[in-house]
$ cat run_28.txt   # compact mmCIF, C-alpha atoms
# COMPACT_ATOMS: atom_id res chain seq x y z
CA MET Y 1 -18.19 -3.45 -11.28
CA ALA Y 2 -15.88 -0.55 -10.90
CA ARG Y 3 -14.28 0.44 -7.62
CA MET Y 4 -13.78 4.18 -7.77
CA LYS Y 5 -10.65 5.56 -6.11
CA PHE Y 6 -8.36 8.58 -6.11
CA LEU Y 7 -4.60 8.25 -6.36
CA ALA Y 8 -2.33 11.18 -5.49
CA ASP Y 9 1.21 11.06 -6.84
CA ALA Y 10 3.36 13.15 -4.48
CA GLU Y 11 6.24 13.15 -6.97
CA ARG Y 12 4.21 15.10 -9.50
CA CYS Y 13 2.02 17.48 -7.54
CA ILE Y 14 3.22 21.07 -8.00
CA GLU Y 15 0.79 22.58 -5.47
CA CYS Y 16 -1.02 24.60 -8.11
CA ASN Y 17 -4.37 24.11 -6.34
CA GLY Y 18 -6.03 23.67 -9.73
CA CYS Y 19 -7.96 20.65 -8.43
CA VAL Y 20 -9.31 22.72 -5.52
CA THR Y 21 -10.39 25.52 -7.82
CA ALA Y 22 -11.94 23.19 -10.38
CA CYS Y 23 -13.92 21.38 -7.69
CA LYS Y 24 -15.26 24.60 -6.23
CA GLN Y 25 -16.21 25.92 -9.63
CA GLU Y 26 -17.79 22.69 -10.86
CA HIS Y 27 -20.06 22.20 -7.87
CA GLU Y 28 -20.47 25.86 -6.89
CA ILE Y 29 -19.17 25.14 -3.41
CA PRO Y 30 -19.93 27.92 -0.90
CA TRP Y 31 -17.29 30.04 0.73
CA GLY Y 32 -15.55 28.28 3.61
CA VAL Y 33 -16.10 24.76 2.34
CA ASN Y 34 -13.27 22.94 0.61
CA ARG Y 35 -14.12 19.47 -0.61
CA ARG Y 36 -10.52 19.13 -1.77
CA ARG Y 37 -7.30 20.59 -0.38
CA VAL Y 38 -3.63 20.46 -1.26
CA VAL Y 39 -1.46 19.49 1.69
CA THR Y 40 2.25 20.29 1.58
CA ILE Y 41 4.83 18.64 3.80
CA ASN Y 42 8.29 20.13 4.40
CA ASP Y 43 7.23 23.32 2.66
CA GLY Y 44 10.17 25.25 1.29
CA VAL Y 45 12.87 22.77 2.13
CA PRO Y 46 14.44 20.04 -0.01
CA GLY Y 47 12.19 17.03 -0.07
CA GLU Y 48 9.01 19.09 -0.10
CA ARG Y 49 6.00 17.07 -1.16
CA SER Y 50 2.40 18.00 -1.88
CA ILE Y 51 -0.66 15.83 -2.27
CA SER Y 52 -4.24 16.62 -3.08
CA VAL Y 53 -6.58 15.33 -0.38
CA ALA Y 54 -10.34 14.86 -0.33
CA CYS Y 55 -12.69 12.06 0.62
CA MET Y 56 -10.86 8.88 -0.31
CA HIS Y 57 -14.10 6.87 -0.50
CA CYS Y 58 -12.79 4.26 1.93
CA SER Y 59 -13.79 0.66 1.46
CA ASP Y 60 -14.46 0.49 5.21
CA ALA Y 61 -15.35 4.10 5.85
CA PRO Y 62 -15.13 5.24 9.49
CA CYS Y 63 -17.63 8.04 8.81
CA MET Y 64 -20.23 5.40 7.99
CA ALA Y 65 -19.43 3.55 11.21
CA VAL Y 66 -19.82 6.53 13.52
CA CYS Y 67 -22.78 8.32 11.92
CA PRO Y 68 -25.57 8.27 14.54
CA VAL Y 69 -28.32 8.68 11.94
CA ASP Y 70 -26.82 6.31 9.34
CA CYS Y 71 -27.02 8.81 6.53
CA PHE Y 72 -24.05 7.34 4.62
CA TYR Y 73 -24.24 4.76 1.90
CA ARG Y 74 -21.85 3.27 -0.61
CA THR Y 75 -22.79 2.94 -4.25
CA ASP Y 76 -22.12 -0.18 -6.30
CA ASP Y 77 -19.07 1.62 -7.66
CA GLY Y 78 -17.55 2.13 -4.22
CA VAL Y 79 -18.38 5.82 -3.90
CA VAL Y 80 -19.26 6.90 -0.34
CA LEU Y 81 -22.18 9.33 -0.38
CA HIS Y 82 -24.59 10.70 2.18
CA ASP Y 83 -28.13 11.99 2.43
CA LYS Y 84 -28.13 15.65 3.44
CA ASP Y 85 -31.81 15.52 4.31
CA LEU Y 86 -30.92 13.10 7.09
CA CYS Y 87 -27.62 14.59 8.25
CA ILE Y 88 -27.87 16.40 11.60
CA GLY Y 89 -24.48 18.10 11.33
CA CYS Y 90 -23.15 16.54 14.53
CA GLY Y 91 -19.57 16.39 13.24
CA TYR Y 92 -18.80 12.82 14.34
CA CYS Y 93 -17.77 11.97 10.80
CA PHE Y 94 -15.25 14.83 10.86
CA TYR Y 95 -13.61 13.42 13.98
CA ALA Y 96 -13.61 9.90 12.56
CA CYS Y 97 -12.25 10.77 9.12
CA PRO Y 98 -8.43 10.44 8.91
CA PHE Y 99 -8.37 12.81 5.91
CA GLY Y 100 -10.49 15.66 7.30
CA ALA Y 101 -12.83 15.27 4.36
CA PRO Y 102 -16.18 16.21 5.93
CA GLN Y 103 -16.78 19.94 5.74
CA PHE Y 104 -19.40 22.01 7.52
CA PRO Y 105 -20.69 25.30 6.12
CA GLN Y 106 -20.74 28.05 8.73
CA ALA Y 107 -22.72 30.69 6.91
CA GLY Y 108 -25.22 31.24 9.72
CA ALA Y 109 -24.95 33.50 12.74
CA PHE Y 110 -22.97 32.49 15.84
CA GLY Y 111 -20.87 29.98 13.87
CA VAL Y 112 -23.76 27.58 13.53
CA ARG Y 113 -22.71 24.34 11.86
CA GLY Y 114 -24.67 23.25 8.82
CA LYS Y 115 -25.12 19.86 7.24
CA MET Y 116 -21.99 18.00 6.29
CA ASP Y 117 -20.60 18.48 2.80
CA LYS Y 118 -17.87 16.38 1.24
CA CYS Y 119 -16.41 15.14 -2.02
CA THR Y 120 -18.94 13.05 -3.91
CA PHE Y 121 -16.49 11.72 -6.51
CA CYS Y 122 -18.63 13.90 -8.80
CA ALA Y 123 -21.42 11.35 -8.34
CA GLY Y 124 -24.13 13.59 -6.86
CA GLY Y 125 -26.31 12.13 -4.15
CA PRO Y 126 -29.66 10.52 -3.40
CA GLU Y 127 -31.70 12.63 -5.79
CA ALA Y 128 -32.66 12.11 -9.41
CA ASN Y 129 -29.53 12.12 -11.58
CA ASN Y 130 -28.60 15.56 -12.88
CA SER Y 131 -31.67 17.14 -11.31
CA GLU Y 132 -31.76 20.66 -9.89
CA ALA Y 133 -32.18 19.28 -6.36
CA GLU Y 134 -29.12 17.07 -6.76
CA PHE Y 135 -26.97 19.92 -8.02
CA ARG Y 136 -28.11 22.25 -5.25
CA LYS Y 137 -27.38 19.76 -2.47
CA TYR Y 138 -24.48 17.69 -3.79
CA GLY Y 139 -23.13 19.34 -6.91
CA ARG Y 140 -22.85 18.11 -10.43
CA ASN Y 141 -23.18 14.39 -11.21
CA ARG Y 142 -20.42 13.84 -13.74
CA LEU Y 143 -20.44 10.06 -13.38
CA ALA Y 144 -23.99 10.01 -14.72
CA GLU Y 145 -22.70 12.00 -17.69
CA GLY Y 146 -20.02 9.38 -18.37
CA LYS Y 147 -17.27 11.61 -17.03
CA LEU Y 148 -14.78 11.25 -14.18
CA PRO Y 149 -14.09 13.64 -11.28
CA VAL Y 150 -13.15 17.06 -12.60
CA CYS Y 151 -10.21 17.44 -10.19
CA ALA Y 152 -8.45 14.41 -11.65
CA GLU Y 153 -9.41 15.09 -15.24
CA MET Y 154 -8.08 18.63 -15.24
CA CYS Y 155 -4.90 17.98 -13.22
CA ALA Y 156 -2.14 19.44 -15.38
CA THR Y 157 0.64 17.11 -14.25
CA LYS Y 158 -1.67 14.13 -13.76
CA ALA Y 159 -0.53 13.97 -10.15
CA LEU Y 160 -4.12 13.25 -9.21
CA LEU Y 161 -5.72 10.24 -10.81
CA GLY Y 162 -9.36 9.31 -10.37
CA GLY Y 163 -11.42 6.42 -11.64
CA ASP Y 164 -11.61 2.66 -11.48
CA ALA Y 165 -8.95 1.35 -9.09
CA ASN Y 166 -7.78 -1.31 -11.52
CA VAL Y 167 -7.24 1.21 -14.30
CA LEU Y 168 -5.47 3.61 -11.96
CA SER Y 169 -3.19 0.80 -10.81
CA ASP Y 170 -2.23 0.07 -14.40
CA ILE Y 171 -1.54 3.74 -15.13
CA TYR Y 172 0.54 4.19 -12.00
CA ARG Y 173 2.42 0.94 -12.54
CA GLU Y 174 3.46 2.05 -16.02
CA ARG Y 175 4.51 5.42 -14.62
CA VAL Y 176 6.65 3.91 -11.88
CA THR Y 177 8.25 1.51 -14.34
CA ASN Y 178 9.24 4.44 -16.52
CA ARG Y 179 10.67 6.22 -13.51
CA ALA Y 180 12.76 3.26 -12.52
CA ALA Y 181 14.12 2.93 -16.05
CA ARG Y 182 15.31 6.50 -15.89
CA GLY Y 183 17.87 5.93 -13.15
CA THR Y 184 20.61 3.44 -12.48
CA PRO Y 185 21.21 1.35 -9.38
CA SER Y 186 24.02 3.67 -8.31
CA MET Y 187 22.25 6.88 -9.37
CA PRO Y 188 18.49 6.68 -8.77
CA PRO Y 189 16.22 9.14 -10.56
CA TRP Y 190 16.16 12.60 -8.99
CA GLY Y 191 14.01 15.72 -9.25
CA TRP Y 192 11.78 15.91 -12.30
CA ASP Y 193 13.22 12.68 -13.58
CA THR Y 194 11.54 11.03 -10.60
CA ALA Y 195 8.20 12.44 -11.58
CA TYR Y 196 8.13 11.96 -15.30
CA GLY Y 197 10.89 9.54 -16.22
CA ARG Y 198 10.77 10.17 -19.94
CA PRO Y 199 12.97 8.06 -22.17
CA GLU Y 200 16.48 9.47 -22.58
CA ALA Y 201 16.43 12.30 -25.14
CA PRO Y 202 19.00 12.13 -27.94
CA LYS Y 203 22.02 14.18 -27.03
CA GLN Y 204 22.49 17.42 -28.93
CA PRO Y 205 25.87 17.87 -30.61
CA ALA Y 206 28.09 20.38 -28.90
CA PRO Y 207 28.34 23.77 -30.63
CA ALA Y 208 31.39 24.38 -32.73
CA GLY Y 209 34.23 25.81 -30.75
CA GLY Y 210 32.78 24.54 -27.52
CA ALA Y 211 32.59 28.01 -26.00
CA LYS Y 212 29.65 30.21 -25.16
CA SER Y 213 29.34 33.43 -27.08
CA MET B 214 -20.05 -23.55 63.18
CA ILE B 215 -16.61 -22.78 61.76
CA LYS B 216 -17.11 -25.37 59.11
CA ARG B 217 -20.40 -23.81 58.06
CA ALA B 218 -18.85 -20.32 57.87
CA PHE B 219 -15.96 -21.70 55.85
CA LEU B 220 -18.32 -23.41 53.44
CA THR B 221 -20.39 -20.24 53.10
CA LEU B 222 -17.31 -18.17 52.39
CA ALA B 223 -15.98 -20.77 49.94
CA GLY B 224 -19.33 -20.86 48.17
CA ALA B 225 -19.45 -17.09 47.94
CA ALA B 226 -15.90 -16.95 46.62
CA LEU B 227 -16.67 -19.64 44.08
CA GLY B 228 -19.78 -17.80 42.98
CA LEU B 229 -17.95 -14.50 42.63
CA GLY B 230 -15.10 -16.21 40.80
CA LEU B 231 -17.41 -17.87 38.33
CA ALA B 232 -19.28 -14.61 37.83
CA GLY B 233 -16.11 -13.25 36.24
CA CYS B 234 -16.26 -15.99 33.63
CA GLY B 235 -19.56 -14.62 32.42
CA GLU B 236 -18.16 -11.22 31.61
CA ARG B 237 -18.96 -10.10 28.13
CA PRO B 238 -16.17 -8.86 25.85
CA GLN B 239 -15.88 -5.11 26.16
CA VAL B 240 -14.05 -4.45 22.92
CA VAL B 241 -16.12 -2.14 20.78
CA ASP B 242 -17.52 -3.92 17.79
CA TYR B 243 -18.27 -1.38 15.09
CA LYS B 244 -21.16 -2.66 13.09
CA GLN B 245 -22.10 -0.89 9.95
CA GLY B 246 -25.54 0.54 10.33
CA VAL B 247 -28.25 0.31 7.76
CA TYR B 248 -28.64 3.32 5.54
CA GLN B 249 -31.69 5.27 6.61
CA GLY B 250 -31.83 7.88 3.85
CA LYS B 251 -33.48 8.11 0.48
CA PRO B 252 -32.64 5.52 -2.20
CA ASP B 253 -30.27 6.61 -4.94
CA GLN B 254 -30.38 5.57 -8.54
CA PRO B 255 -27.25 4.23 -10.27
CA ALA B 256 -25.27 6.64 -12.42
CA TYR B 257 -26.16 4.70 -15.57
CA ALA B 258 -29.90 4.74 -14.85
CA SER B 259 -30.53 8.09 -16.48
CA ALA B 260 -30.02 9.41 -20.01
CA PRO B 261 -27.97 8.93 -22.11
CA TRP B 262 -27.28 5.46 -20.72
CA ASN B 263 -30.87 4.55 -19.83
CA GLY B 264 -29.81 1.57 -17.74
CA ASN B 265 -27.13 0.30 -20.10
CA LYS B 266 -24.42 -0.41 -17.57
CA LYS B 267 -21.96 -1.92 -20.03
CA ASP B 268 -21.94 1.14 -22.25
CA TRP B 269 -21.49 3.38 -19.24
CA GLU B 270 -18.60 1.34 -17.89
CA LEU B 271 -16.97 1.27 -21.31
CA ALA B 272 -17.29 5.05 -21.61
CA LEU B 273 -15.67 5.54 -18.22
CA ALA B 274 -12.88 3.06 -18.92
CA THR B 275 -12.12 4.79 -22.23
CA ARG B 276 -12.17 8.19 -20.62
CA ASN B 277 -9.98 6.96 -17.78
CA GLN B 278 -7.18 6.34 -20.26
CA ASN B 279 -7.04 10.09 -20.91
CA GLN B 280 -5.26 10.28 -17.56
CA ASN B 281 -2.50 8.04 -18.87
CA GLU B 282 -0.12 10.39 -20.66
CA TYR B 283 2.03 7.49 -21.83
CA LYS B 284 -0.89 6.38 -23.99
CA ARG B 285 -1.94 9.88 -24.96
CA ILE B 286 1.42 10.74 -26.51
CA ARG B 287 1.71 7.54 -28.52
$ encode --input "run_28.txt" --output "structure tokens"
Amino acid sequence: MARMKFLADAERCIECNGCVTACKQEHEIPWGVNRRRVVTINDGVPGERSISVACMHCSDAPCMAVCPVDCFYRTDDGVVLHDKDLCIGCGYCFYACPFGAPQFPQAGAFGVRGKMDKCTFCAGGPEANNSEAEFRKYGRNRLAEGKLPVCAEMCATKALLGGDANVLSDIYRERVTNRAARGTPSMPPWGWDTAYGRPEAPKQPAPAGGAKS
Amino acid sequence: MIKRAFLTLAGAALGLGLAGCGERPQVVDYKQGVYQGKPDQPAYASAPWNGNKKDWELALATRNQNQNEYKRIR
């Protein structure tokens, strides 16, 4: 049994917002709702870091605990989903969520709050797989197609990983090991070396004369 | 008379004191509610998997490795 998780690597994220755009396009998310966001800390100063944030599909999800109508459920693969037909749009889940994942469409007059919308790990919802009703309410069900979340799959720098937690752990472990091998105890990896940690490239011979033209 | 009043007061104090022992814990105990919505079918229930969970898991595990660039470039 898989345990689906996201993993955001702050060393690699370049704040391109490609994951946000891909998510909105894939599920045809309405204006004003962002299932995924890129959060930047220390913007514009050395040490700036960005991570892509959405529903983290918590193992002990606080949104499930506070929902007064119990519209949340967790699939066998650890994906936290909810039934929009039951949701009353109260917003308790938004207050409970440490990631600000629940979103509420405000397309109506007077700022009326609609039913909650959030990242589904591209797993749809409680409707027939890949049906029109499922797409309209929850977006595309990529898991049923044998695919993984589009945000992680299209991430250019692979800063965002998505899938089975055990597989992600292996991928990240290998990545961190490569990073560590890049530096030395007295000179730890820095900048892009921290992110990618490629093996040392063979040194190019110096041009003849040693001077720039 | 004084003895009776003392005994009454002592009994009342004892009763009030013991009443405190029966106080229930007031720490909130979050209990996960039971899902009240519609049932959902597993991702592998529909075509092309048609209930074949192993094939579905294998497909996902294989596809997951596409996110490992160290394997992709080998």
$ atom_distance --input "run_28.txt" --atom1 "atom CA of Asn17 of chain Y" --atom2 "atom CA of Asp60 of chain Y"
28.2 Å
$ interface_residues --input "run_28.txt" --of "chain B" --to "chain Y" --cutoff "12 Å" --atoms "all atoms listed in the file" --output "PyMOL selection string"
chain B and resi 241-286
$ atom_distance --input "run_28.txt" --atom1 "atom CA of Cys13 of chain Y" --atom2 "atom CA of Val150 of chain Y"
16.0 Å
$ axis_aligned_box --input "run_28.txt" --around "segment 166-178 of chain Y" --padding-each-side "4 Å" --output "JSON"
{"center_x": 0.7, "center_y": 2.1, "center_z": -13.7, "size_x": 25.0, "size_y": 14.7, "size_z": 13.7}
$ atom_distance --input "run_28.txt" --atom1 "atom CA of Gly89 of chain Y" --atom2 "atom CA of Gln106 of chain Y"
10.9 Å
$ closest_residue --input "run_28.txt" --among "Y:Ala109, Y:Cys90, Y:Cys16, Y:Cys97" --to "Cys63 of chain Y" --atoms "only C-alpha atoms"
Y:Cys97
$ residues_around --input "run_28.txt" --residues "Pro105 of chain Y" --least-positions-apart "4" --cutoff "10 Å" --atoms "only C-alpha atoms" --output "list in words"
Ile29, Pro30, Trp31, Gly32, Val33, Asn34, Gly89, Gly111, Val112, Arg113, Gly114, Lys115, Met116 and Asp117 of chain Y
$ residues_around --input "run_28.txt" --residues "Ser59 of chain Y" --least-positions-apart "3" --cutoff "9 Å" --atoms "only C-alpha atoms" --output "ChimeraX atom specification"
/Y:56,74,78-80
$ closest_residue --input "run_28.txt" --among "Y:Tyr138, Y:Glu28, Y:Gly108, Y:Ala101" --to "Cys122 of chain Y" --atoms "all atoms listed in the file"
Y:Tyr138
$ closest_residue --input "run_28.txt" --among "Y:Phe121, Y:Pro46, Y:Thr194, Y:Val53" --to "Arg179 of chain Y" --atoms "all atoms listed in the file"
Y:Thr194
